[in-house]
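Here is the file entry_14.pdb (PDB, C-alpha atoms).
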```
MODEL        1
ATOM      1  CA  MET H 136     183.649  79.739 146.712
ATOM      2  CA  SER H 137     186.620  77.858 145.237
ATOM      3  CA  LYS H 138     186.672  79.765 141.955
ATOM      4  CA  GLN H 139     185.511  83.072 140.574
ATOM      5  CA  ILE H 140     182.426  82.781 138.364
ATOM      6  CA  ALA H 141     181.262  85.699 136.274
ATOM      7  CA  PRO H 142     177.576  86.659 136.573
ATOM      8  CA  ALA H 143     175.579  85.723 133.497
ATOM      9  CA  ASP H 144     174.656  89.322 132.730
ATOM     10  CA  ALA H 145     174.405  92.806 134.201
ATOM     11  CA  ALA H 146     171.014  92.141 135.781
ATOM     12  CA  VAL H 147     172.449  89.163 137.660
ATOM     13  CA  ALA H 148     175.461  91.154 138.857
ATOM     14  CA  ALA H 149     173.240  93.946 140.195
ATOM     15  CA  PHE H 150     170.927  91.429 141.865
ATOM     16  CA  ILE H 151     173.772  89.680 143.658
ATOM     17  CA  ALA H 152     175.068  92.979 144.996
ATOM     18  CA  ASP H 153     171.594  93.980 146.159
ATOM     19  CA  SER H 154     170.886  90.624 147.800
ATOM     20  CA  ASP H 155     174.233  90.475 149.558
ATOM     21  CA  ASN H 156     173.584  93.947 150.931
ATOM     22  CA  VAL H 157     170.179  92.928 152.344
ATOM     23  CA  PHE H 158     170.690  89.367 153.583
ATOM     24  CA  THR H 159     173.569  89.727 156.025
ATOM     25  CA  PRO H 160     174.308  88.205 159.451
ATOM     26  CA  ALA H 161     172.777  91.368 160.901
ATOM     27  CA  TYR H 162     169.575  90.618 159.002
ATOM     28  CA  ASP H 163     169.452  87.083 160.430
ATOM     29  CA  ALA H 164     169.688  88.530 163.954
ATOM     30  CA  LEU H 165     166.632  90.758 163.538
ATOM     31  CA  PRO H 166     163.261  89.858 165.097
ATOM     32  CA  MET H 167     161.295  87.601 162.766
ATOM     33  CA  ALA H 168     158.641  90.224 162.086
ATOM     34  CA  GLU H 169     161.347  92.631 160.903
ATOM     35  CA  GLN H 170     163.010  89.982 158.738
ATOM     36  CA  ARG H 171     159.694  89.355 157.040
ATOM     37  CA  ARG H 172     158.988  93.069 156.569
ATOM     38  CA  ILE H 173     162.339  93.577 154.858
ATOM     39  CA  TYR H 174     161.846  90.436 152.769
ATOM     40  CA  GLU H 175     158.486  91.772 151.563
ATOM     41  CA  GLU H 176     160.119  95.027 150.473
ATOM     42  CA  TYR H 177     162.890  93.086 148.781
ATOM     43  CA  TRP H 178     160.778  90.788 146.622
ATOM     44  CA  ARG H 179     158.545  93.656 145.542
ATOM     45  CA  ARG H 180     161.602  95.291 143.965
ATOM     46  CA  TYR H 181     161.810  92.309 141.613
ATOM     47  CA  HIS H 182     158.139  91.804 140.918
ATOM     48  CA  ALA H 183     156.504  92.235 137.513
ATOM     49  CA  PRO H 184     153.073  91.661 135.961
ATOM     50  CA  ARG H 185     151.927  88.134 135.223
ATOM     51  CA  PRO H 186     151.866  86.908 131.617
ATOM     52  CA  ASN H 187     148.756  88.005 129.747
ATOM     53  CA  GLY H 188     145.766  85.725 130.163
ATOM     54  CA  VAL H 189     146.856  83.960 133.358
ATOM     55  CA  THR H 190     143.961  84.014 135.833
ATOM     56  CA  VAL H 191     144.016  83.399 139.575
ATOM     57  CA  GLU H 192     141.593  82.589 142.354
ATOM     58  CA  THR H 193     142.005  82.017 146.081
ATOM     59  CA  VAL H 194     141.093  78.615 147.491
ATOM     60  CA  MET H 195     141.169  77.275 151.038
ATOM     61  CA  VAL H 196     142.876  73.932 151.574
ATOM     62  CA  PRO H 197     141.866  71.869 154.645
ATOM     63  CA  ALA H 198     144.992  71.083 156.678
ATOM     64  CA  PRO H 199     145.840  69.644 160.115
ATOM     65  CA  GLY H 200     146.530  73.029 161.706
ATOM     66  CA  GLY H 201     143.589  74.752 160.046
ATOM     67  CA  ALA H 202     142.746  75.645 156.464
ATOM     68  CA  ARG H 203     145.626  77.059 154.427
ATOM     69  CA  ARG H 204     145.267  79.606 151.669
ATOM     70  CA  GLY H 205     146.246  78.699 148.154
ATOM     71  CA  VAL H 206     146.363  80.770 144.995
ATOM     72  CA  LEU H 207     145.223  78.770 141.984
ATOM     73  CA  TYR H 208     146.620  79.896 138.623
ATOM     74  CA  ARG H 209     145.169  78.856 135.285
ATOM     75  CA  PRO H 210     146.865  79.278 131.895
ATOM     76  CA  PRO H 211     145.466  81.583 129.185
ATOM     77  CA  GLN H 212     142.440  80.235 127.372
ATOM     78  CA  ASP H 213     144.335  80.327 124.088
ATOM     79  CA  ALA H 214     147.121  78.092 125.483
ATOM     80  CA  GLY H 215     145.630  75.073 123.749
ATOM     81  CA  VAL H 216     144.959  73.009 126.863
ATOM     82  CA  GLU H 217     141.466  71.976 127.902
ATOM     83  CA  ALA H 218     139.970  71.213 131.290
ATOM     84  CA  PRO H 219     140.547  69.220 133.327
ATOM     85  CA  LEU H 220     143.960  70.824 133.517
ATOM     86  CA  PRO H 221     147.166  69.129 134.614
ATOM     87  CA  VAL H 222     148.179  70.694 137.908
ATOM     88  CA  VAL H 223     151.402  71.458 139.738
ATOM     89  CA  ILE H 224     151.399  72.245 143.457
ATOM     90  CA  TYR H 225     154.125  74.812 144.089
ATOM     91  CA  PHE H 226     155.950  75.373 147.376
ATOM     92  CA  HIS H 227     157.704  78.730 147.617
ATOM     93  CA  GLY H 228     161.226  79.311 148.864
ATOM     94  CA  GLY H 229     162.269  81.516 151.763
ATOM     95  CA  GLY H 230     164.221  79.259 154.090
ATOM     96  CA  TRP H 231     161.046  77.842 155.686
ATOM     97  CA  ILE H 232     160.717  81.164 157.588
ATOM     98  CA  LEU H 233     159.949  83.689 154.836
ATOM     99  CA  GLY H 234     157.803  84.009 151.757
ATOM    100  CA  SER H 235     154.228  83.597 150.608
ATOM    101  CA  PRO H 236     152.295  82.962 147.404
ATOM    102  CA  GLU H 237     152.684  86.675 146.690
ATOM    103  CA  SER H 238     156.472  86.650 147.028
ATOM    104  CA  HIS H 239     156.700  83.991 144.304
ATOM    105  CA  ASP H 240     153.801  85.150 142.154
ATOM    106  CA  LEU H 241     155.905  85.999 139.095
ATOM    107  CA  PRO H 242     157.766  82.691 138.596
ATOM    108  CA  VAL H 243     154.628  80.702 139.421
ATOM    109  CA  ALA H 244     152.578  82.674 136.895
ATOM    110  CA  ARG H 245     155.243  82.081 134.266
ATOM    111  CA  ILE H 246     155.301  78.358 135.022
ATOM    112  CA  CYS H 247     151.534  78.340 134.561
ATOM    113  CA  ALA H 248     151.740  80.106 131.199
ATOM    114  CA  GLU H 249     154.823  78.376 129.780
ATOM    115  CA  ALA H 250     154.183  74.841 131.032
ATOM    116  CA  LYS H 251     150.470  75.175 130.237
ATOM    117  CA  VAL H 252     149.369  73.784 133.577
ATOM    118  CA  ALA H 253     147.297  74.955 136.494
ATOM    119  CA  VAL H 254     149.446  75.802 139.511
ATOM    120  CA  LEU H 255     148.392  75.825 143.151
ATOM    121  CA  ASN H 256     150.700  78.190 145.061
ATOM    122  CA  LEU H 257     150.407  77.174 148.713
ATOM    123  CA  ASP H 258     150.677  79.420 151.775
ATOM    124  CA  TYR H 259     152.130  76.777 154.096
ATOM    125  CA  ARG H 260     152.958  77.383 157.754
ATOM    126  CA  LEU H 261     156.311  79.042 158.466
ATOM    127  CA  ALA H 262     158.981  78.477 161.110
ATOM    128  CA  PRO H 263     159.940  79.236 163.805
ATOM    129  CA  GLU H 264     156.308  79.516 164.898
ATOM    130  CA  ASN H 265     155.661  76.171 163.205
ATOM    131  CA  VAL H 266     158.496  73.648 163.055
ATOM    132  CA  PHE H 267     158.927  70.406 161.137
ATOM    133  CA  PRO H 268     156.743  68.616 160.119
ATOM    134  CA  ASP H 269     154.048  71.324 160.061
ATOM    135  CA  ALA H 270     154.933  72.785 156.647
ATOM    136  CA  LEU H 271     155.332  69.303 155.175
ATOM    137  CA  MET H 272     151.905  68.292 156.455
ATOM    138  CA  ASP H 273     150.390  71.394 154.850
ATOM    139  CA  CYS H 274     151.998  70.333 151.566
ATOM    140  CA  LEU H 275     150.565  66.839 151.957
ATOM    141  CA  ALA H 276     147.153  68.372 152.662
ATOM    142  CA  ALA H 277     147.369  70.308 149.400
ATOM    143  CA  VAL H 278     148.104  67.147 147.426
ATOM    144  CA  ASN H 279     145.195  65.373 149.113
ATOM    145  CA  TRP H 280     142.909  68.328 148.412
ATOM    146  CA  VAL H 281     143.717  68.334 144.706
ATOM    147  CA  ALA H 282     143.192  64.568 144.585
ATOM    148  CA  SER H 283     139.795  64.781 146.282
ATOM    149  CA  ALA H 284     138.352  68.152 145.248
ATOM    150  CA  GLY H 285     140.379  69.147 142.216
ATOM    151  CA  ARG H 286     137.856  68.049 139.629
ATOM    152  CA  GLN H 287     135.342  70.678 140.718
ATOM    153  CA  TYR H 288     138.014  73.312 140.058
ATOM    154  CA  GLY H 289     138.753  71.958 136.603
ATOM    155  CA  LEU H 290     141.902  70.119 137.694
ATOM    156  CA  ASP H 291     143.017  66.688 136.541
ATOM    157  CA  GLN H 292     144.047  64.903 139.719
ATOM    158  CA  ASP H 293     145.497  62.121 137.594
ATOM    159  CA  ARG H 294     148.092  64.531 136.163
ATOM    160  CA  LEU H 295     149.584  65.924 139.343
ATOM    161  CA  GLY H 296     153.083  67.264 139.872
ATOM    162  CA  VAL H 297     154.896  69.095 142.650
ATOM    163  CA  ALA H 298     157.509  71.823 142.374
ATOM    164  CA  GLY H 299     159.360  74.314 144.509
ATOM    165  CA  ASP H 300     162.466  76.402 144.869
ATOM    166  CA  SER H 301     165.076  76.281 147.633
ATOM    167  CA  ALA H 302     163.239  75.409 150.891
ATOM    168  CA  GLY H 303     160.123  74.816 148.784
ATOM    169  CA  ALA H 304     162.040  72.287 146.693
ATOM    170  CA  ASN H 305     163.034  70.631 149.964
ATOM    171  CA  LEU H 306     159.349  70.329 150.840
ATOM    172  CA  ALA H 307     158.488  68.942 147.402
ATOM    173  CA  ALA H 308     161.214  66.303 147.627
ATOM    174  CA  GLY H 309     160.407  65.424 151.237
ATOM    175  CA  LEU H 310     156.745  65.067 150.299
ATOM    176  CA  CYS H 311     157.600  62.586 147.541
ATOM    177  CA  HIS H 312     159.496  60.467 150.067
ATOM    178  CA  TRP H 313     156.619  60.701 152.541
ATOM    179  CA  ILE H 314     153.972  59.614 150.029
ATOM    180  CA  ARG H 315     156.157  56.771 148.790
ATOM    181  CA  ASP H 316     156.547  55.484 152.345
ATOM    182  CA  HIS H 317     153.065  56.190 153.738
ATOM    183  CA  GLY H 318     150.821  56.160 150.675
ATOM    184  CA  GLY H 319     148.860  58.924 149.029
ATOM    185  CA  PRO H 320     147.925  60.376 145.650
ATOM    186  CA  ARG H 321     150.255  59.574 142.788
ATOM    187  CA  ILE H 322     152.719  62.343 141.969
ATOM    188  CA  TRP H 323     153.771  62.100 138.355
ATOM    189  CA  HIS H 324     156.678  64.512 138.455
ATOM    190  CA  GLN H 325     158.765  66.617 140.821
ATOM    191  CA  THR H 326     160.548  69.804 139.774
ATOM    192  CA  LEU H 327     163.232  70.941 142.210
ATOM    193  CA  ILE H 328     164.780  74.365 141.605
ATOM    194  CA  TYR H 329     168.045  75.028 143.482
ATOM    195  CA  PRO H 330     166.890  72.585 146.171
ATOM    196  CA  ALA H 331     168.082  72.588 149.789
ATOM    197  CA  LEU H 332     168.357  68.899 150.626
ATOM    198  CA  THR H 333     170.910  68.465 153.412
ATOM    199  CA  THR H 334     172.350  70.416 156.313
ATOM    200  CA  LYS H 335     175.802  70.348 154.684
ATOM    201  CA  ILE H 336     176.550  73.716 153.098
ATOM    202  CA  ALA H 337     179.591  74.769 151.076
ATOM    203  CA  ALA H 338     181.453  77.886 152.127
ATOM    204  CA  GLY H 339     180.849  81.043 150.137
ATOM    205  CA  LEU H 340     178.320  83.758 149.537
ATOM    206  CA  SER H 341     176.085  84.187 146.526
ATOM    207  CA  GLY H 342     172.906  86.162 146.145
ATOM    208  CA  GLY H 343     172.381  86.541 149.874
ATOM    209  CA  VAL H 344     172.881  82.836 150.621
ATOM    210  CA  SER H 345     175.761  81.704 152.827
ATOM    211  CA  ALA H 346     176.555  78.760 155.061
ATOM    212  CA  GLU H 347     175.670  80.952 158.035
ATOM    213  CA  SER H 348     172.305  82.063 156.667
ATOM    214  CA  VAL H 349     171.281  78.541 155.675
ATOM    215  CA  SER H 350     172.194  77.303 159.159
ATOM    216  CA  HIS H 351     169.951  80.058 160.545
ATOM    217  CA  TYR H 352     167.061  78.811 158.433
ATOM    218  CA  VAL H 353     167.636  75.161 159.284
ATOM    219  CA  ARG H 354     167.718  75.838 163.027
ATOM    220  CA  ALA H 355     164.375  77.613 162.816
ATOM    221  CA  TYR H 356     162.812  74.804 160.748
ATOM    222  CA  PHE H 357     164.110  72.041 163.009
ATOM    223  CA  GLY H 358     163.078  73.830 166.203
ATOM    224  CA  GLY H 359     165.648  71.969 168.306
ATOM    225  CA  GLN H 360     164.873  68.564 166.800
ATOM    226  CA  GLU H 361     167.628  66.274 165.501
ATOM    227  CA  LEU H 362     166.532  65.949 161.892
ATOM    228  CA  ALA H 363     169.696  65.978 159.784
ATOM    229  CA  GLU H 364     169.197  62.269 158.997
ATOM    230  CA  ASN H 365     165.409  62.450 158.644
ATOM    231  CA  SER H 366     164.640  61.901 154.962
ATOM    232  CA  TYR H 367     161.401  63.887 155.112
ATOM    233  CA  ALA H 368     163.201  66.920 156.545
ATOM    234  CA  MET H 369     166.477  66.517 154.633
ATOM    235  CA  PRO H 370     165.731  64.229 151.656
ATOM    236  CA  LEU H 371     169.358  63.680 150.637
ATOM    237  CA  SER H 372     169.779  61.605 153.811
ATOM    238  CA  ALA H 373     167.316  58.959 152.573
ATOM    239  CA  LYS H 374     168.568  55.383 152.523
ATOM    240  CA  SER H 375     166.566  54.519 149.403
ATOM    241  CA  PHE H 376     165.501  56.535 146.379
ATOM    242  CA  ALA H 377     163.571  53.713 144.741
ATOM    243  CA  GLY H 378     159.932  54.338 143.901
ATOM    244  CA  LEU H 379     160.139  58.137 143.756
ATOM    245  CA  PRO H 380     158.522  60.145 140.944
ATOM    246  CA  PRO H 381     160.541  61.182 137.889
ATOM    247  CA  ALA H 382     162.285  64.480 138.492
ATOM    248  CA  PHE H 383     163.762  67.545 136.892
ATOM    249  CA  ILE H 384     166.378  69.398 138.898
ATOM    250  CA  ALA H 385     167.695  72.893 138.261
ATOM    251  CA  THR H 386     170.775  74.207 140.015
ATOM    252  CA  ALA H 387     172.737  77.460 139.785
ATOM    253  CA  GLU H 388     176.482  77.694 139.152
ATOM    254  CA  MET H 389     177.024  80.440 141.758
ATOM    255  CA  ASP H 390     174.965  78.737 144.458
ATOM    256  CA  PRO H 391     176.641  77.356 147.619
ATOM    257  CA  ILE H 392     174.024  74.587 147.716
ATOM    258  CA  LEU H 393     174.650  73.517 144.114
ATOM    259  CA  PRO H 394     176.071  70.163 145.374
ATOM    260  CA  HIS H 395     172.697  69.311 146.930
ATOM    261  CA  GLY H 396     171.029  69.091 143.539
ATOM    262  CA  GLU H 397     173.952  67.295 141.913
ATOM    263  CA  SER H 398     174.053  64.650 144.641
ATOM    264  CA  TYR H 399     170.300  64.186 144.481
ATOM    265  CA  ILE H 400     170.447  63.558 140.743
ATOM    266  CA  GLU H 401     173.112  60.905 141.240
ATOM    267  CA  ARG H 402     171.028  59.158 143.901
ATOM    268  CA  LEU H 403     167.863  59.264 141.790
ATOM    269  CA  ARG H 404     169.564  57.960 138.666
ATOM    270  CA  HIS H 405     171.344  55.241 140.634
ATOM    271  CA  ALA H 406     167.890  54.104 141.797
ATOM    272  CA  GLY H 407     166.644  54.045 138.195
ATOM    273  CA  ILE H 408     164.463  57.158 138.510
ATOM    274  CA  PRO H 409     164.307  59.262 135.312
ATOM    275  CA  CYS H 410     165.836  62.628 136.116
ATOM    276  CA  GLY H 411     166.539  65.641 133.905
ATOM    277  CA  TYR H 412     169.001  68.338 134.861
ATOM    278  CA  THR H 413     170.067  71.868 134.080
ATOM    279  CA  CYS H 414     172.618  74.136 135.725
ATOM    280  CA  GLY H 415     172.252  77.880 135.253
ATOM    281  CA  LEU H 416     175.705  79.155 134.309
ATOM    282  CA  GLY H 417     176.554  82.452 135.933
ATOM    283  CA  LEU H 418     173.377  82.379 138.025
ATOM    284  CA  PRO H 419     172.990  82.600 141.816
ATOM    285  CA  HIS H 420     170.571  81.045 144.250
ATOM    286  CA  THR H 421     167.119  82.706 143.964
ATOM    287  CA  TYR H 422     167.572  83.551 140.280
ATOM    288  CA  LEU H 423     163.817  83.091 139.793
ATOM    289  CA  ARG H 424     163.576  86.728 140.915
ATOM    290  CA  LEU H 425     165.171  87.687 137.608
ATOM    291  CA  VAL H 426     163.140  85.816 135.011
ATOM    292  CA  HIS H 427     161.864  89.129 133.599
ATOM    293  CA  LEU H 428     165.261  90.865 133.731
ATOM    294  CA  SER H 429     167.900  88.253 132.875
ATOM    295  CA  PRO H 430     167.763  86.197 129.653
ATOM    296  CA  ALA H 431     169.843  83.513 131.375
ATOM    297  CA  ALA H 432     167.364  83.197 134.259
ATOM    298  CA  ALA H 433     164.435  83.155 131.839
ATOM    299  CA  ARG H 434     166.045  80.340 129.837
ATOM    300  CA  GLU H 435     166.496  78.208 132.943
ATOM    301  CA  LEU H 436     162.865  78.602 133.946
ATOM    302  CA  SER H 437     161.759  77.794 130.390
ATOM    303  CA  VAL H 438     163.731  74.532 130.501
ATOM    304  CA  CYS H 439     161.924  73.620 133.729
ATOM    305  CA  CYS H 440     158.573  74.491 132.157
ATOM    306  CA  ALA H 441     159.265  72.295 129.154
ATOM    307  CA  ALA H 442     160.048  69.378 131.472
ATOM    308  CA  ILE H 443     156.816  69.929 133.418
ATOM    309  CA  ASN H 444     154.751  70.158 130.244
ATOM    310  CA  ALA H 445     156.243  66.964 128.830
ATOM    311  CA  ALA H 446     155.820  65.040 132.099
ATOM    312  CA  LEU H 447     152.152  65.944 132.552
ATOM    313  CA  ALA H 448     151.072  65.776 128.908
ATOM    314  CA  LEU H 449     147.936  63.706 128.444
ATOM    315  CA  GLN H 450     149.568  61.228 126.063
ATOM    316  CA  GLN H 451     152.467  60.733 128.482
ATOM    317  CA  VAL H 452     150.143  59.856 131.366
ATOM    318  CA  ARG H 453     147.969  57.592 129.251
ATOM    319  CA  ALA H 454     151.027  55.716 127.997
ATOM    320  CA  ALA H 455     152.174  55.057 131.561
TER     321      ALA H 455
ENDMDL
END
```

As structure tokens, the full file:
Amino acid sequence: MSKQIAPADAAVAAFIADSDNVFTPAYDALPMAEQRRIYEEYWRRYHAPRPNGVTVETVMVPAPGGARRGVLYRPPQDAGVEAPLPVVIYFHGGGWILGSPESHDLPVARICAEAKVAVLNLDYRLAPENVFPDALMDCLAAVNWVASAGRQYGLDQDRLGVAGDSAGANLAAGLCHWIRDHGGPRIWHQTLIYPALTTKIAAGLSGGVSAESVSHYVRAYFGGQELAENSYAMPLSAKSFAGLPPAFIATAEMDPILPHGESYIERLRHAGIPCGYTCGLGLPHTYLRLVHLSPAAARELSVCCAAINAALALQQVRAA
């Protein structure tokens, strides 16, 4: 990186050291099954109980390649929100090759509790076994499922948002472009947390993320296809940003892909799309792992939750 940035706190400093020790070029060269085994061990080190009162159930979402599992979170009954609940469909990070609803259970549960929304945490298909657009089509299937069957689960399909982190934020953004161009349920809001939106990566290493590791992930996701200028695969390459949902974007100061989010904000605002922004000072990529350990990480997630809550509030939707 071009300048030295101090970690926000001791928990962040320890996390960066741990992540950089795990996610090395040697890790990227391991068989995929071994990469996933190590990743499972890694995220469990940073797991913690859900907020009190958050409930979950497993649902099956019809999708082109076969039904996909989703974990549906509902906020505590004393949260002051009544059914049908506003709903956010969440797409987990992991470079399109790693992760699951379980690996991102903690931040999703906290979004549910703090934003006071239901959250569907989707187990989409992973690369390299499934390359673009398979994961994106699973995400589209989840949006269609909420729009068609959500009411029977107590969900308000007219107050629907999407969210994700890293590769999951890529999927959320790509999905918004796809629905704008091809039609589909209305998405009221998109929340993109340290999004990966182009193949261009700055040099540097932070929290286990480097130009080399991101290239490894992108190659697996593309599966040999030329997709750098495909707006559904790499949304920053889109020619037009008109007609997209309002957005809130969160970046991290120590993240090599910080410019992705900044450039996306500029493009959205230039197109007249309302877009909020926060940058986590002294935070690395994947700081959602630390929302129970780092006050700085917790603050950033809370800002995202406030944006989600405001965007999907009943009076906001009725006014529109």

Problem - All residues 8 Å or closer to stretch 440-442 of chain H, only C-alpha atoms, same chain fewer than 3 positions away omitted, as a ChimeraX atom specification - result: /H:246,249-250,383,411,436-437,445-446

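You can rank H:Gly230, H:Pro197, H:Pro236, H:Gly303 by their closest distance to H:Ser283 using only C-alpha atoms, and at the top of that list sits H:Pro197.
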
* To do: Might you spell out which residues the PyMOL selection byres ((chain H and resi 313) around 12) would select in the displayed file, as a PyMOL selection string?
  => chain H and resi 268+271-272+274-275+278+306-312+314-322+365-370+373+376+378-380

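When the PyMOL selection byres ((chain H and resi 165-173) around 10) is evaluated on the file shown here, the picked residues come out as Val157, Phe158, Pro160, Ala161, Tyr162, Asp163, Ala164, Tyr174, Glu175, Glu176, Tyr177, Trp178, Gly229, Ile232, Leu233, Gly234, Ala262, Pro263 and Glu264 of chain H.
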
Which residues fall under the PyMOL selection byres ((chain H and resi 288) around 10) in this file, as JSON, numbers by chain? {"H": [194, 207, 218, 219, 220, 281, 284, 285, 286, 287, 289, 290, 291]}

Output file for the residues above (C-alpha atoms, as a short mmCIF file (atom, residue, chain, number, x, y, z; two decimals), keeping the file's coordinate frame):
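Saved file result-v3.cif follows:
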```cif
data_model
loop_
_atom_site.label_atom_id
_atom_site.label_comp_id
_atom_site.auth_asym_id
_atom_site.auth_seq_id
_atom_site.Cartn_x
_atom_site.Cartn_y
_atom_site.Cartn_z
CA VAL H 194 141.09 78.61 147.49
CA LEU H 207 145.22 78.77 141.98
CA ALA H 218 139.97 71.21 131.29
CA PRO H 219 140.55 69.22 133.33
CA LEU H 220 143.96 70.82 133.52
CA VAL H 281 143.72 68.33 144.71
CA ALA H 284 138.35 68.15 145.25
CA GLY H 285 140.38 69.15 142.22
CA ARG H 286 137.86 68.05 139.63
CA GLN H 287 135.34 70.68 140.72
CA GLY H 289 138.75 71.96 136.60
CA LEU H 290 141.90 70.12 137.69
CA ASP H 291 143.02 66.69 136.54
#
```

Students should find that atom CA of H:Ala141 and atom CA of H:Cys414 are spaced 14.4 Å

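With distances restricted to all atoms listed in the file, H:Ala302 is the closest residue to H:Leu261 from H:Ser154, H:Pro211, H:Ala302, H:Tyr225.
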
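Atom CA of H:Thr333 sits 14.5 Å away from atom CA of H:Glu401.
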
Show me, as JSON, numbers by chain, the residues that have an atom within 6 Å of H:Lys251 when counting all atoms listed in the file, minus same-chain residues fewer than 3 positions from it. {"H": [210, 247, 248]}

Since we have the selection now, will you write its residues out, keeping C-alpha atoms, as a JSON list (two decimals), keeping the file's coordinate frame?
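The result, stored in out.json:
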```json
[["chain", "number", "residue", "atom", "x", "y", "z"],
["H", 210, "PRO", "CA", 146.86, 79.28, 131.90],
["H", 247, "CYS", "CA", 151.53, 78.34, 134.56],
["H", 248, "ALA", "CA", 151.74, 80.11, 131.20]]
```

A straight line from atom CA of H:Ala382 to atom CA of H:Val344 spans 24.4 Å

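With distances restricted to only C-alpha atoms, H:Arg245 is the closest residue to H:Glu435 from H:Arg209, H:Arg245, H:His182, H:His227.
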
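Residue nearest H:Asp213 within the list H:Thr193, H:Asn444, H:Asn187, H:Thr386: H:Asn187 [criterion: smallest interatomic distance, all atoms listed in the file].
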
Could the centre and edge lengths of an axis-aligned box, enclosing all atoms of stretch 279-289 of chain H in the file with 3 Å extra on each side, be given in Å to one decimal as JSON?
```
{"center_x": 140.3, "center_y": 68.9, "center_z": 142.9, "size_x": 15.9, "size_y": 14.7, "size_z": 18.5}
```

Need to verify the contact set: H:Asp390, 7 Å, all atoms listed in the file, exclusion of same-chain residues closer than 2 positions in sequence. Can you return it as a list in words?
Ser341, Ala387, Glu388, Ile392, Leu393, Pro419 and His420 of chain H

May I have the residues at most 12 Å from (156.8, 94.9, 136.5) in the file's coordinates, counting all atoms listed in the file, as an mmCIF file with C-alpha atoms, in the frame of the given file?
```cif
data_model
loop_
_atom_site.group_PDB
_atom_site.id
_atom_site.type_symbol
_atom_site.label_atom_id
_atom_site.label_comp_id
_atom_site.auth_asym_id
_atom_site.auth_seq_id
_atom_site.Cartn_x
_atom_site.Cartn_y
_atom_site.Cartn_z
ATOM 1 C CA TRP H 178 160.778 90.788 146.622
ATOM 2 C CA ARG H 179 158.545 93.656 145.542
ATOM 3 C CA ARG H 180 161.602 95.291 143.965
ATOM 4 C CA TYR H 181 161.810 92.309 141.613
ATOM 5 C CA HIS H 182 158.139 91.804 140.918
ATOM 6 C CA ALA H 183 156.504 92.235 137.513
ATOM 7 C CA PRO H 184 153.073 91.661 135.961
ATOM 8 C CA ARG H 185 151.927 88.134 135.223
ATOM 9 C CA PRO H 186 151.866 86.908 131.617
ATOM 10 C CA ASP H 240 153.801 85.150 142.154
ATOM 11 C CA LEU H 241 155.905 85.999 139.095
ATOM 12 C CA ARG H 424 163.576 86.728 140.915
ATOM 13 C CA LEU H 425 165.171 87.687 137.608
ATOM 14 C CA VAL H 426 163.140 85.816 135.011
ATOM 15 C CA HIS H 427 161.864 89.129 133.599
ATOM 16 C CA LEU H 428 165.261 90.865 133.731
#
```

For stretch 392-400 of chain H, which lacks atoms in the input, supply N, CA, C and O atoms and format the output as a PDB file, keeping the file's coordinate frame.
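Output file result15.pdb is given in full below:
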```pdb
ATOM      1  N   ILE H 392     174.679  75.886 147.544  1.00  0.00           N
ATOM      2  CA  ILE H 392     174.024  74.587 147.716  1.00  0.00           C
ATOM      3  C   ILE H 392     173.873  73.838 146.391  1.00  0.00           C
ATOM      4  O   ILE H 392     173.116  72.864 146.308  1.00  0.00           O
ATOM      5  N   LEU H 393     174.616  74.255 145.374  1.00  0.00           N
ATOM      6  CA  LEU H 393     174.650  73.517 144.114  1.00  0.00           C
ATOM      7  C   LEU H 393     174.902  72.024 144.320  1.00  0.00           C
ATOM      8  O   LEU H 393     174.228  71.192 143.683  1.00  0.00           O
ATOM      9  N   PRO H 394     175.827  71.603 145.202  1.00  0.00           N
ATOM     10  CA  PRO H 394     176.071  70.163 145.374  1.00  0.00           C
ATOM     11  C   PRO H 394     174.856  69.373 145.838  1.00  0.00           C
ATOM     12  O   PRO H 394     174.776  68.165 145.591  1.00  0.00           O
ATOM     13  N   HIS H 395     173.905  70.025 146.509  1.00  0.00           N
ATOM     14  CA  HIS H 395     172.697  69.311 146.930  1.00  0.00           C
ATOM     15  C   HIS H 395     171.986  68.715 145.718  1.00  0.00           C
ATOM     16  O   HIS H 395     171.628  67.532 145.700  1.00  0.00           O
ATOM     17  N   GLY H 396     171.741  69.551 144.732  1.00  0.00           N
ATOM     18  CA  GLY H 396     171.029  69.091 143.539  1.00  0.00           C
ATOM     19  C   GLY H 396     171.813  68.047 142.774  1.00  0.00           C
ATOM     20  O   GLY H 396     171.252  67.050 142.296  1.00  0.00           O
ATOM     21  N   GLU H 397     173.130  68.256 142.639  1.00  0.00           N
ATOM     22  CA  GLU H 397     173.952  67.295 141.913  1.00  0.00           C
ATOM     23  C   GLU H 397     173.944  65.927 142.597  1.00  0.00           C
ATOM     24  O   GLU H 397     173.815  64.888 141.928  1.00  0.00           O
ATOM     25  N   SER H 398     174.059  65.923 143.911  1.00  0.00           N
ATOM     26  CA  SER H 398     174.053  64.650 144.641  1.00  0.00           C
ATOM     27  C   SER H 398     172.697  63.966 144.540  1.00  0.00           C
ATOM     28  O   SER H 398     172.616  62.726 144.439  1.00  0.00           O
ATOM     29  N   TYR H 399     171.644  64.765 144.563  1.00  0.00           N
ATOM     30  CA  TYR H 399     170.300  64.186 144.481  1.00  0.00           C
ATOM     31  C   TYR H 399     170.085  63.515 143.127  1.00  0.00           C
ATOM     32  O   TYR H 399     169.489  62.432 143.045  1.00  0.00           O
ATOM     33  N   ILE H 400     170.561  64.148 142.080  1.00  0.00           N
ATOM     34  CA  ILE H 400     170.447  63.558 140.743  1.00  0.00           C
ATOM     35  C   ILE H 400     171.156  62.210 140.699  1.00  0.00           C
ATOM     36  O   ILE H 400     170.625  61.221 140.175  1.00  0.00           O
TER      37      ILE H 400
END
```
